[in-house]
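Quick look at start.cif (mmCIF, C-alpha atoms):
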```
data_coords
#
loop_
_atom_site.label_atom_id
_atom_site.label_comp_id
_atom_site.auth_asym_id
_atom_site.auth_seq_id
_atom_site.Cartn_x
_atom_site.Cartn_y
_atom_site.Cartn_z
CA MET A 14 93.19 8.46 7.93
CA ALA A 15 95.58 10.63 9.98
CA ALA A 16 96.43 14.10 8.67
CA GLY A 17 100.13 13.33 8.08
CA PRO A 18 99.70 10.37 5.71
CA TRP A 19 96.72 12.09 4.06
CA LEU A 20 98.74 15.19 3.18
CA GLY A 21 101.68 13.06 2.08
CA LEU A 22 99.48 11.05 -0.28
CA LEU A 23 97.94 14.23 -1.70
CA ALA A 24 101.44 15.61 -2.38
CA GLY A 25 102.38 12.34 -4.09
CA ALA A 26 99.17 12.44 -6.12
CA PHE A 27 99.87 16.00 -7.25
CA PHE A 28 103.41 15.10 -8.31
CA ALA A 29 102.22 11.95 -10.11
CA GLU A 30 99.56 13.87 -12.06
CA VAL A 31 102.02 16.56 -13.16
CA ILE A 32 104.35 13.89 -14.55
CA GLY A 33 101.48 11.84 -15.96
CA THR A 34 100.10 14.84 -17.83
CA MET A 35 103.50 15.76 -19.25
CA ALA A 36 104.23 12.21 -20.42
CA GLY A 37 100.68 11.23 -21.34
CA PHE A 38 100.86 8.30 -18.91
CA GLY A 39 102.56 7.18 -15.70
CA ALA A 40 100.47 8.82 -12.95
CA ALA A 41 99.17 5.48 -11.65
CA THR A 42 102.60 3.84 -12.04
CA ILE A 43 104.16 6.50 -9.82
CA LEU A 44 101.34 6.86 -7.30
CA THR A 45 100.36 3.22 -6.64
CA PRO A 46 103.59 2.22 -4.83
CA ILE A 47 103.40 5.46 -2.81
CA VAL A 48 99.83 4.75 -1.69
CA ALA A 49 100.78 1.12 -1.00
CA LEU A 50 103.20 2.38 1.67
CA VAL A 51 100.15 3.46 3.69
CA LEU A 52 97.25 1.28 2.52
CA ASP A 53 96.70 -2.38 1.64
CA MET A 54 97.73 -3.14 -1.95
CA LYS A 55 94.19 -3.90 -3.13
CA THR A 56 92.88 -0.69 -1.59
CA ALA A 57 95.81 1.22 -3.10
CA ILE A 58 94.95 -0.03 -6.60
CA ALA A 59 91.30 0.97 -6.16
CA VAL A 60 92.10 4.39 -4.69
CA VAL A 61 94.57 5.16 -7.47
CA ALA A 62 91.97 4.02 -10.03
CA CYS A 63 89.66 6.77 -8.75
CA PHE A 64 92.45 9.32 -8.85
CA HIS A 65 93.45 8.16 -12.33
CA LEU A 66 89.90 8.68 -13.55
CA PHE A 67 89.85 12.20 -12.09
CA GLY A 68 93.23 12.95 -13.62
CA ASN A 69 92.32 11.78 -17.11
CA ALA A 70 89.05 13.70 -16.98
CA SER A 71 91.10 16.79 -16.06
CA ARG A 72 93.51 16.24 -18.97
CA LEU A 73 90.57 16.10 -21.36
CA VAL A 74 89.59 19.58 -20.21
CA PHE A 75 92.87 20.81 -21.69
CA PHE A 76 93.46 18.33 -24.54
CA GLY A 77 90.02 16.85 -25.31
CA ARG A 78 89.60 18.72 -28.59
CA HIS A 79 92.69 16.98 -29.97
CA VAL A 80 91.50 13.36 -29.40
CA ARG A 81 91.83 11.07 -32.42
CA TRP A 82 88.57 9.17 -32.04
CA PRO A 83 89.23 6.32 -34.54
CA VAL A 84 92.40 5.40 -32.62
CA TRP A 85 90.47 5.67 -29.35
CA GLY A 86 87.74 3.37 -30.62
CA TRP A 87 89.97 0.54 -31.84
CA PHE A 88 92.13 0.59 -28.72
CA GLY A 89 89.13 0.76 -26.42
CA ILE A 90 87.29 -2.28 -27.88
CA THR A 91 89.62 -4.83 -26.31
CA GLY A 92 90.79 -2.54 -23.51
CA VAL A 93 87.35 -2.38 -21.90
CA LEU A 94 86.74 -6.12 -22.04
CA LEU A 95 90.13 -7.10 -20.65
CA SER A 96 90.13 -4.44 -17.94
CA VAL A 97 87.06 -6.09 -16.39
CA ALA A 98 88.82 -9.47 -16.43
CA GLY A 99 91.93 -7.99 -14.83
CA ALA A 100 89.92 -6.19 -12.14
CA ALA A 101 88.01 -9.38 -11.31
CA LEU A 102 91.32 -11.21 -10.88
CA THR A 103 92.63 -8.46 -8.59
CA VAL A 104 89.74 -9.06 -6.18
CA ARG A 105 90.63 -12.76 -5.92
CA LEU A 106 94.42 -12.61 -5.59
CA PRO A 107 96.11 -12.14 -2.19
CA SER A 108 97.51 -8.66 -1.56
CA SER A 109 101.03 -10.09 -1.18
CA VAL A 110 100.87 -11.57 -4.69
CA LEU A 111 99.62 -8.27 -6.12
CA THR A 112 102.42 -6.42 -4.33
CA ALA A 113 105.06 -8.75 -5.79
CA LEU A 114 103.50 -8.59 -9.27
CA PHE A 115 103.44 -4.80 -9.17
CA GLY A 116 107.06 -4.70 -8.04
CA LEU A 117 108.03 -6.97 -10.93
CA PHE A 118 106.02 -4.82 -13.33
CA LEU A 119 107.84 -1.67 -12.15
CA LEU A 120 111.24 -3.28 -12.67
CA LEU A 121 110.37 -4.50 -16.17
CA TYR A 122 108.77 -1.17 -17.06
CA ALA A 123 111.73 0.89 -15.83
CA GLY A 124 114.25 -1.35 -17.58
CA TRP A 125 112.34 -1.35 -20.88
CA SER A 126 111.76 2.40 -20.79
CA TRP A 127 115.44 3.11 -20.05
CA ARG A 128 116.77 0.95 -22.88
CA ALA A 129 114.07 1.51 -25.53
CA PRO A 130 112.10 4.70 -24.82
CA ALA A 131 110.90 4.90 -28.42
CA ALA A 132 110.63 1.26 -29.47
CA ALA A 133 108.82 1.30 -32.79
CA LEU A 134 105.63 -0.63 -33.50
CA PRO A 135 103.77 -0.68 -36.84
CA ALA A 136 100.84 1.73 -37.13
CA THR A 137 98.17 -0.92 -37.67
CA THR A 138 94.73 -1.78 -36.33
CA ALA A 139 96.15 -5.05 -34.98
CA VAL A 140 98.58 -3.08 -32.80
CA LEU A 141 95.68 -1.07 -31.39
CA LEU A 142 93.58 -4.16 -30.66
CA GLY A 143 96.47 -6.12 -29.14
CA GLY A 144 97.73 -3.12 -27.21
CA GLY A 145 94.23 -2.42 -25.92
CA ALA A 146 93.90 -5.99 -24.67
CA ALA A 147 97.29 -6.04 -22.92
CA SER A 148 96.96 -2.52 -21.52
CA GLY A 149 93.39 -3.08 -20.33
CA PHE A 150 94.20 -6.36 -18.58
CA ILE A 151 97.25 -4.98 -16.78
CA ALA A 152 95.33 -1.81 -15.85
CA GLY A 153 92.55 -3.91 -14.34
CA LEU A 154 94.96 -6.23 -12.53
CA LEU A 155 97.61 -3.80 -11.28
CA GLY A 156 96.04 -0.40 -11.90
CA THR A 157 98.45 0.76 -14.61
CA GLY A 158 98.64 -0.01 -18.30
CA GLY A 159 99.95 3.31 -19.57
CA ALA A 160 103.35 2.08 -20.74
CA ILE A 161 101.77 -0.30 -23.27
CA ARG A 162 99.23 2.32 -24.32
CA SER A 163 102.01 4.83 -24.88
CA ALA A 164 104.07 2.45 -27.02
CA CYS A 165 101.07 1.77 -29.25
CA LEU A 166 100.11 5.43 -29.66
CA LEU A 167 103.68 6.47 -30.47
CA ALA A 168 103.52 4.21 -33.52
CA PHE A 169 100.95 6.57 -35.05
CA GLN A 170 103.21 9.64 -34.70
CA LEU A 171 100.46 11.80 -33.24
CA PRO A 172 101.18 15.46 -32.47
CA LYS A 173 101.88 16.02 -28.75
CA ASP A 174 98.44 17.46 -27.97
CA ALA A 175 96.67 14.67 -29.87
CA TYR A 176 98.83 12.04 -28.16
CA ILE A 177 98.05 13.34 -24.65
CA GLY A 178 94.34 13.83 -25.40
CA THR A 179 93.87 10.42 -27.04
CA SER A 180 95.79 8.65 -24.28
CA ALA A 181 93.64 10.37 -21.62
CA ALA A 182 90.40 9.46 -23.43
CA ILE A 183 91.45 5.79 -23.67
CA ALA A 184 92.53 5.64 -20.02
CA LEU A 185 89.29 7.31 -18.90
CA LEU A 186 87.27 4.61 -20.67
CA VAL A 187 89.29 1.81 -19.06
CA ASP A 188 89.11 3.47 -15.61
CA ALA A 189 85.33 3.85 -15.86
CA THR A 190 85.10 0.14 -16.69
CA ARG A 191 87.31 -1.34 -13.98
CA LEU A 192 86.42 1.03 -11.13
CA PRO A 193 82.86 -0.33 -10.61
CA VAL A 194 84.37 -3.80 -10.07
CA TYR A 195 86.60 -2.47 -7.28
CA LEU A 196 83.75 -0.51 -5.69
CA ALA A 197 81.33 -3.45 -5.86
CA GLU A 198 83.85 -5.57 -3.96
CA GLY A 199 84.26 -2.92 -1.27
CA LEU A 200 87.95 -2.26 -1.88
CA ILE A 201 87.56 1.40 -0.87
CA PRO A 202 86.28 1.72 2.75
CA ARG A 203 83.82 4.52 3.54
CA ALA A 204 86.41 6.06 5.86
CA TYR A 205 88.35 7.17 2.77
CA VAL A 206 85.48 9.08 1.12
CA LEU A 207 86.80 12.50 2.22
CA PHE A 208 90.25 11.60 0.95
CA MET A 209 88.75 10.57 -2.41
CA VAL A 210 86.94 13.90 -2.68
CA SER A 211 90.18 15.77 -2.03
CA LEU A 212 91.80 13.87 -4.92
CA VAL A 213 89.48 15.60 -7.41
CA GLY A 214 91.03 19.01 -6.83
CA THR A 215 94.52 17.51 -6.60
CA ALA A 216 94.13 15.78 -9.97
CA PHE A 217 92.91 18.96 -11.67
CA ALA A 218 95.71 21.07 -10.15
CA GLY A 219 98.34 18.53 -11.26
CA ALA A 220 96.90 18.36 -14.77
CA TRP A 221 96.82 22.17 -14.98
CA LEU A 222 100.49 22.49 -13.99
CA GLY A 223 101.51 19.57 -16.21
CA GLN A 224 99.94 21.07 -19.31
CA ARG A 225 101.71 24.38 -18.55
CA LEU A 226 105.09 22.67 -18.17
CA VAL A 227 104.82 20.18 -21.02
CA ARG A 228 105.95 22.76 -23.59
CA ARG A 229 108.68 24.33 -21.44
CA ILE A 230 110.73 21.62 -19.73
CA ALA A 231 113.15 19.13 -21.29
CA GLU A 232 112.06 15.77 -19.90
CA ALA A 233 115.10 13.53 -20.56
CA VAL A 234 117.05 13.91 -17.29
CA PHE A 235 113.98 14.11 -15.09
CA ARG A 236 112.44 11.12 -16.87
CA ARG A 237 115.50 9.00 -16.08
CA PHE A 238 115.38 10.08 -12.44
CA VAL A 239 111.75 8.95 -12.24
CA LEU A 240 112.66 5.59 -13.83
CA VAL A 241 115.39 5.01 -11.23
CA MET A 242 112.94 5.78 -8.41
CA LEU A 243 110.36 3.43 -9.92
CA ALA A 244 112.95 0.65 -10.13
CA LEU A 245 113.86 1.14 -6.45
CA MET A 246 110.20 1.06 -5.44
CA GLY A 247 109.75 -2.04 -7.59
CA LEU A 248 112.58 -3.82 -5.76
CA ARG A 249 111.05 -2.91 -2.43
CA MET A 250 107.59 -4.15 -3.40
CA LEU A 251 108.93 -7.35 -4.95
CA TRP A 252 110.88 -8.05 -1.74
CA HIS A 253 107.98 -7.39 0.63
CA GLY A 254 105.45 -9.19 -1.56
CA SER A 255 107.55 -12.34 -1.60
CA LEU A 256 108.06 -12.49 2.18
#
```
Let me see whether you can do it: turn the structure in this file into structure tokens.
Amino acid sequence: MAAGPWLGLLAGAFFAEVIGTMAGFGAATILTPIVALVLDMKTAIAVVACFHLFGNASRLVFFGRHVRWPVWGWFGITGVLLSVAGAALTVRLPSSVLTALFGLFLLLYAGWSWRAPAAALPATTAVLLGGGAASGFIAGLLGTGGAIRSACLLAFQLPKDAYIGTSAAIALLVDATRLPVYLAEGLIPRAYVLFMVSLVGTAFAGAWLGQRLVRRIAEAVFRRFVLVMLALMGLRMLWHGSL
């Protein structure tokens, strides 16, 4: 990979991890369409899966002691199983279809988040199991299931540190499940190994800055700016995927 795109992707990864740490989710949602500008969609999903794993591991360094393990366990039961199914489907679908699906997902996600940022769900085990299944499948298929995970965790009114830590622990489990499927199918060429190594430090740096900012910055205006950008990227990907 040339130096220019490499540095650009690292900058995008850093930005995505800062926002993902502050919100508890969203790093993959932001980064995947950026990486897809340079790489094939399937490769982009696999590369971002690696970065997402590094990022969630970094968040646990700062928030791991606050994880609510019962919530993690119930959500992870179905999340792990369905993430494998979603990842297996990713390998078999054409890249153009995945690009269009991801564009549609971004549009729906941005619209839902804008209109109902705190849509209430009941704090039940059924919500955790159903949310784990939906989040895991979408994470395996498109590389991002954080919006569903966030909606489910918000129902339990966790303190901010517990919310971020539990979300990171769940995502780490799902990432560790789907990533071997991508690697076994060769979705990440050996030429990108050095780039993948550089993502480790980028993820940790982004998580460090995000955890410093999360208590200091009002997120409302910036959050809406990010949603607008995601919607625009979604339109672009939906257009190109359908050509």
message: List the spatial neighbours of Thr137 in chain A as a PyMOL selection string - criterion: any atom at most 10 Å away, all atoms listed in the file, same-chain residues fewer than 2 positions off excluded.
response: chain A and resi 84+134-135+139-142+165+168-169
Write a file of the selected residues as a compact mmCIF listing (two decimals), in the frame of the given file, keeping C-alpha atoms.
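Okay, this is what ended up in out19.txt:
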```txt
# COMPACT_ATOMS: atom_id res chain seq x y z
CA VAL A 84 92.40 5.40 -32.62
CA LEU A 134 105.63 -0.63 -33.50
CA PRO A 135 103.77 -0.68 -36.84
CA ALA A 139 96.15 -5.05 -34.98
CA VAL A 140 98.58 -3.08 -32.80
CA LEU A 141 95.68 -1.07 -31.39
CA LEU A 142 93.58 -4.16 -30.66
CA CYS A 165 101.07 1.77 -29.25
CA ALA A 168 103.52 4.21 -33.52
CA PHE A 169 100.95 6.57 -35.05
```
task: Measuring atom to atom with all atoms listed in the file, identify which of A:Leu106, A:Leu226, A:Ile183, A:Met209 is nearest to Met35 in chain A.
output: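 Once distances to Met35 in chain A are computed over all atoms listed in the file, the minimum belongs to A:Leu226.
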message: Under the PyMOL selection byres ((chain A and resi 146-162) around 9), which residues of this model are included? Write them out as a count of residues only.
response: 56
query: What's the 6 Å shell around range 212-225 of chain A, counting all atoms listed in the file, without same-chain residues fewer than 2 positions away, as a list in words?
result: Phe27, Glu30, Val31, Thr34, Met35, Phe67, Gly68, Ser71, Arg72, Met209, Val210 and Val227 of chain A
field: CA of Gly21 in chain A to CA of Ala197 in chain A, distance in Å rounded to a single decimal
entry: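 CA of Ala197 in chain A lies 27.4 Å from CA of Gly21 in chain A.
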- prompt: CA of Ala204 in chain A to CA of Thr56 in chain A: how many Å, to one decimal?
  reply: 12.0 Å
query: Any idea what's packed within 12 Å of Ser211 in chain A, counting all atoms listed in the file, ignoring anything in its chain fewer than 6 positions away? Could you give it as a ChimeraX atom specification?
result: /A:19-20,22-24,26-27,60,63-64,67,205,217-218
Output for the residues just chosen: C-alpha atoms as a short mmCIF file (atom, residue, chain, number, x, y, z; two decimals), in the coordinates of the input:
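Ended up saving to part-v4.cif:
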```
data_model
loop_
_atom_site.label_atom_id
_atom_site.label_comp_id
_atom_site.auth_asym_id
_atom_site.auth_seq_id
_atom_site.Cartn_x
_atom_site.Cartn_y
_atom_site.Cartn_z
CA TRP A 19 96.72 12.09 4.06
CA LEU A 20 98.74 15.19 3.18
CA LEU A 22 99.48 11.05 -0.28
CA LEU A 23 97.94 14.23 -1.70
CA ALA A 24 101.44 15.61 -2.38
CA ALA A 26 99.17 12.44 -6.12
CA PHE A 27 99.87 16.00 -7.25
CA VAL A 60 92.10 4.39 -4.69
CA CYS A 63 89.66 6.77 -8.75
CA PHE A 64 92.45 9.32 -8.85
CA PHE A 67 89.85 12.20 -12.09
CA TYR A 205 88.35 7.17 2.77
CA PHE A 217 92.91 18.96 -11.67
CA ALA A 218 95.71 21.07 -10.15
#
```
message: Given only C-alpha atoms as the basis, pick out the residue of A:Gln170, A:Ala36, A:Val80, A:Ala181 nearest to Ala136 in chain A.
response: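 Counting only C-alpha atoms, the residue closest to Ala136 in chain A is A:Gln170.
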- request: Could you check which of A:Leu171, A:Ser108, A:Pro193, A:Met246 is closest to Leu66 in chain A, using only C-alpha atoms?
  value: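 Among the listed residues, A:Pro193 lies closest to Leu66 in chain A.
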message: as a ChimeraX atom specification, please: the residues near Leu117 in chain A (cut-off 10 Å, all atoms listed in the file, same-chain neighbours under 4 positions excluded).
response: /A:111-113,121-123,244,246-252,254
Store the residues picked out above in a file with C-alpha atoms, as a short mmCIF file (atom, residue, chain, number, x, y, z; two decimals), in the frame of the given file.
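Here's the written file out20.cif:
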```
data_model
loop_
_atom_site.label_atom_id
_atom_site.label_comp_id
_atom_site.auth_asym_id
_atom_site.auth_seq_id
_atom_site.Cartn_x
_atom_site.Cartn_y
_atom_site.Cartn_z
CA LEU A 111 99.62 -8.27 -6.12
CA THR A 112 102.42 -6.42 -4.33
CA ALA A 113 105.06 -8.75 -5.79
CA LEU A 121 110.37 -4.50 -16.17
CA TYR A 122 108.77 -1.17 -17.06
CA ALA A 123 111.73 0.89 -15.83
CA ALA A 244 112.95 0.65 -10.13
CA MET A 246 110.20 1.06 -5.44
CA GLY A 247 109.75 -2.04 -7.59
CA LEU A 248 112.58 -3.82 -5.76
CA ARG A 249 111.05 -2.91 -2.43
CA MET A 250 107.59 -4.15 -3.40
CA LEU A 251 108.93 -7.35 -4.95
CA TRP A 252 110.88 -8.05 -1.74
CA GLY A 254 105.45 -9.19 -1.56
#
```
- prompt: Expressed in Å to a single decimal, how great is the separation between CA of Trp87 in chain A and CA of Thr138 in chain A?
  reply: 6.9 Å
task: Go through the shown structure with the PyMOL selection byres ((chain A and resi 77) around 10) and write out the matching residues as a list in words.
output: Asn69, Ala70, Ser71, Arg72, Leu73, Val74, Phe75, Phe76, Arg78, His79, Val80, Arg81, Asp174, Ala175, Ile177, Gly178, Thr179, Ala181 and Ala182 of chain A
- request: Name the closest residue to Gly124 in chain A among the candidates A:Val48, A:Leu185, A:Met242, A:Met54; distances are taken between atoms, counting only C-alpha atoms.
  value: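 Going through A:Val48, A:Leu185, A:Met242, A:Met54 one by one, the smallest distance to Gly124 in chain A is for A:Met242.
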I need range 74-104 of chain A from the structure I supplied, saved as an mmCIF file, in the first residue's frame with N, CA and C atoms retained.
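Output file decode.cif follows:
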```
data_model
loop_
_atom_site.group_PDB
_atom_site.id
_atom_site.type_symbol
_atom_site.label_atom_id
_atom_site.label_comp_id
_atom_site.auth_asym_id
_atom_site.auth_seq_id
_atom_site.Cartn_x
_atom_site.Cartn_y
_atom_site.Cartn_z
ATOM 1 N N VAL A 74 -8.624 -1.758 28.632
ATOM 2 C CA VAL A 74 -7.528 -1.328 29.497
ATOM 3 C C VAL A 74 -8.003 -0.212 30.424
ATOM 4 N N PHE A 75 -8.854 0.662 29.897
ATOM 5 C CA PHE A 75 -9.309 1.825 30.660
ATOM 6 C C PHE A 75 -10.634 1.579 31.393
ATOM 7 N N PHE A 76 -11.490 0.711 30.851
ATOM 8 C CA PHE A 76 -12.828 0.541 31.417
ATOM 9 C C PHE A 76 -13.147 -0.897 31.815
ATOM 10 N N GLY A 77 -12.170 -1.807 31.697
ATOM 11 C CA GLY A 77 -12.440 -3.226 31.940
ATOM 12 C C GLY A 77 -12.948 -3.527 33.338
ATOM 13 N N ARG A 78 -12.522 -2.773 34.326
ATOM 14 C CA ARG A 78 -12.950 -3.071 35.705
ATOM 15 C C ARG A 78 -14.417 -2.733 35.946
ATOM 16 N N HIS A 79 -15.046 -2.048 34.987
ATOM 17 C CA HIS A 79 -16.442 -1.654 35.160
ATOM 18 C C HIS A 79 -17.417 -2.566 34.403
ATOM 19 N N VAL A 80 -16.921 -3.622 33.745
ATOM 20 C CA VAL A 80 -17.777 -4.494 32.930
ATOM 21 C C VAL A 80 -18.837 -5.174 33.808
ATOM 22 N N ARG A 81 -20.071 -5.175 33.321
ATOM 23 C CA ARG A 81 -21.153 -5.911 33.980
ATOM 24 C C ARG A 81 -21.237 -7.290 33.323
ATOM 25 N N TRP A 82 -20.615 -8.276 33.941
ATOM 26 C CA TRP A 82 -20.445 -9.578 33.313
ATOM 27 C C TRP A 82 -21.739 -10.337 33.055
ATOM 28 N N PRO A 83 -22.774 -10.266 33.905
ATOM 29 C CA PRO A 83 -24.030 -10.949 33.563
ATOM 30 C C PRO A 83 -24.643 -10.429 32.253
ATOM 31 N N VAL A 84 -24.619 -9.103 32.070
ATOM 32 C CA VAL A 84 -25.124 -8.519 30.826
ATOM 33 C C VAL A 84 -24.280 -8.996 29.644
ATOM 34 N N TRP A 85 -22.976 -8.991 29.824
ATOM 35 C CA TRP A 85 -22.056 -9.465 28.786
ATOM 36 C C TRP A 85 -22.364 -10.904 28.387
ATOM 37 N N GLY A 86 -22.609 -11.756 29.375
ATOM 38 C CA GLY A 86 -22.839 -13.164 29.101
ATOM 39 C C GLY A 86 -24.108 -13.411 28.302
ATOM 40 N N TRP A 87 -25.220 -12.798 28.707
ATOM 41 C CA TRP A 87 -26.486 -13.020 28.002
ATOM 42 C C TRP A 87 -26.429 -12.479 26.580
ATOM 43 N N PHE A 88 -25.837 -11.309 26.401
ATOM 44 C CA PHE A 88 -25.743 -10.721 25.068
ATOM 45 C C PHE A 88 -24.820 -11.539 24.171
ATOM 46 N N GLY A 89 -23.745 -12.053 24.767
ATOM 47 C CA GLY A 89 -22.753 -12.764 23.975
ATOM 48 C C GLY A 89 -23.182 -14.142 23.507
ATOM 49 N N ILE A 90 -24.139 -14.786 24.198
ATOM 50 C CA ILE A 90 -24.565 -16.145 23.834
ATOM 51 C C ILE A 90 -25.009 -16.203 22.378
ATOM 52 N N THR A 91 -25.950 -15.341 22.015
ATOM 53 C CA THR A 91 -26.456 -15.351 20.640
ATOM 54 C C THR A 91 -25.549 -14.541 19.717
ATOM 55 N N GLY A 92 -24.855 -13.545 20.275
ATOM 56 C CA GLY A 92 -23.987 -12.722 19.440
ATOM 57 C C GLY A 92 -22.880 -13.519 18.781
ATOM 58 N N VAL A 93 -22.268 -14.417 19.531
ATOM 59 C CA VAL A 93 -21.178 -15.240 18.994
ATOM 60 C C VAL A 93 -21.677 -16.153 17.883
ATOM 61 N N LEU A 94 -22.779 -16.823 18.124
ATOM 62 C CA LEU A 94 -23.302 -17.774 17.137
ATOM 63 C C LEU A 94 -23.686 -17.079 15.839
ATOM 64 N N LEU A 95 -24.374 -15.963 15.948
ATOM 65 C CA LEU A 95 -24.856 -15.278 14.738
ATOM 66 C C LEU A 95 -23.747 -14.516 14.028
ATOM 67 N N SER A 96 -22.701 -14.127 14.739
ATOM 68 C CA SER A 96 -21.603 -13.433 14.067
ATOM 69 C C SER A 96 -20.883 -14.366 13.100
ATOM 70 N N VAL A 97 -20.766 -15.644 13.460
ATOM 71 C CA VAL A 97 -20.153 -16.626 12.568
ATOM 72 C C VAL A 97 -20.991 -16.794 11.308
ATOM 73 N N ALA A 98 -22.319 -16.851 11.475
ATOM 74 C CA ALA A 98 -23.212 -16.988 10.326
ATOM 75 C C ALA A 98 -23.109 -15.769 9.414
ATOM 76 N N GLY A 99 -23.070 -14.576 10.005
ATOM 77 C CA GLY A 99 -22.949 -13.362 9.201
ATOM 78 C C GLY A 99 -21.628 -13.295 8.462
ATOM 79 N N ALA A 100 -20.542 -13.680 9.140
ATOM 80 C CA ALA A 100 -19.223 -13.656 8.500
ATOM 81 C C ALA A 100 -19.152 -14.653 7.343
ATOM 82 N N ALA A 101 -19.750 -15.819 7.520
ATOM 83 C CA ALA A 101 -19.761 -16.821 6.455
ATOM 84 C C ALA A 101 -20.520 -16.312 5.233
ATOM 85 N N LEU A 102 -21.597 -15.548 5.471
ATOM 86 C CA LEU A 102 -22.364 -14.994 4.366
ATOM 87 C C LEU A 102 -21.577 -13.899 3.650
ATOM 88 N N THR A 103 -20.808 -13.123 4.398
ATOM 89 C CA THR A 103 -19.973 -12.075 3.804
ATOM 90 C C THR A 103 -19.025 -12.654 2.760
ATOM 91 N N VAL A 104 -18.421 -13.798 3.082
ATOM 92 C CA VAL A 104 -17.462 -14.436 2.172
ATOM 93 C C VAL A 104 -18.125 -14.793 0.850
#
```
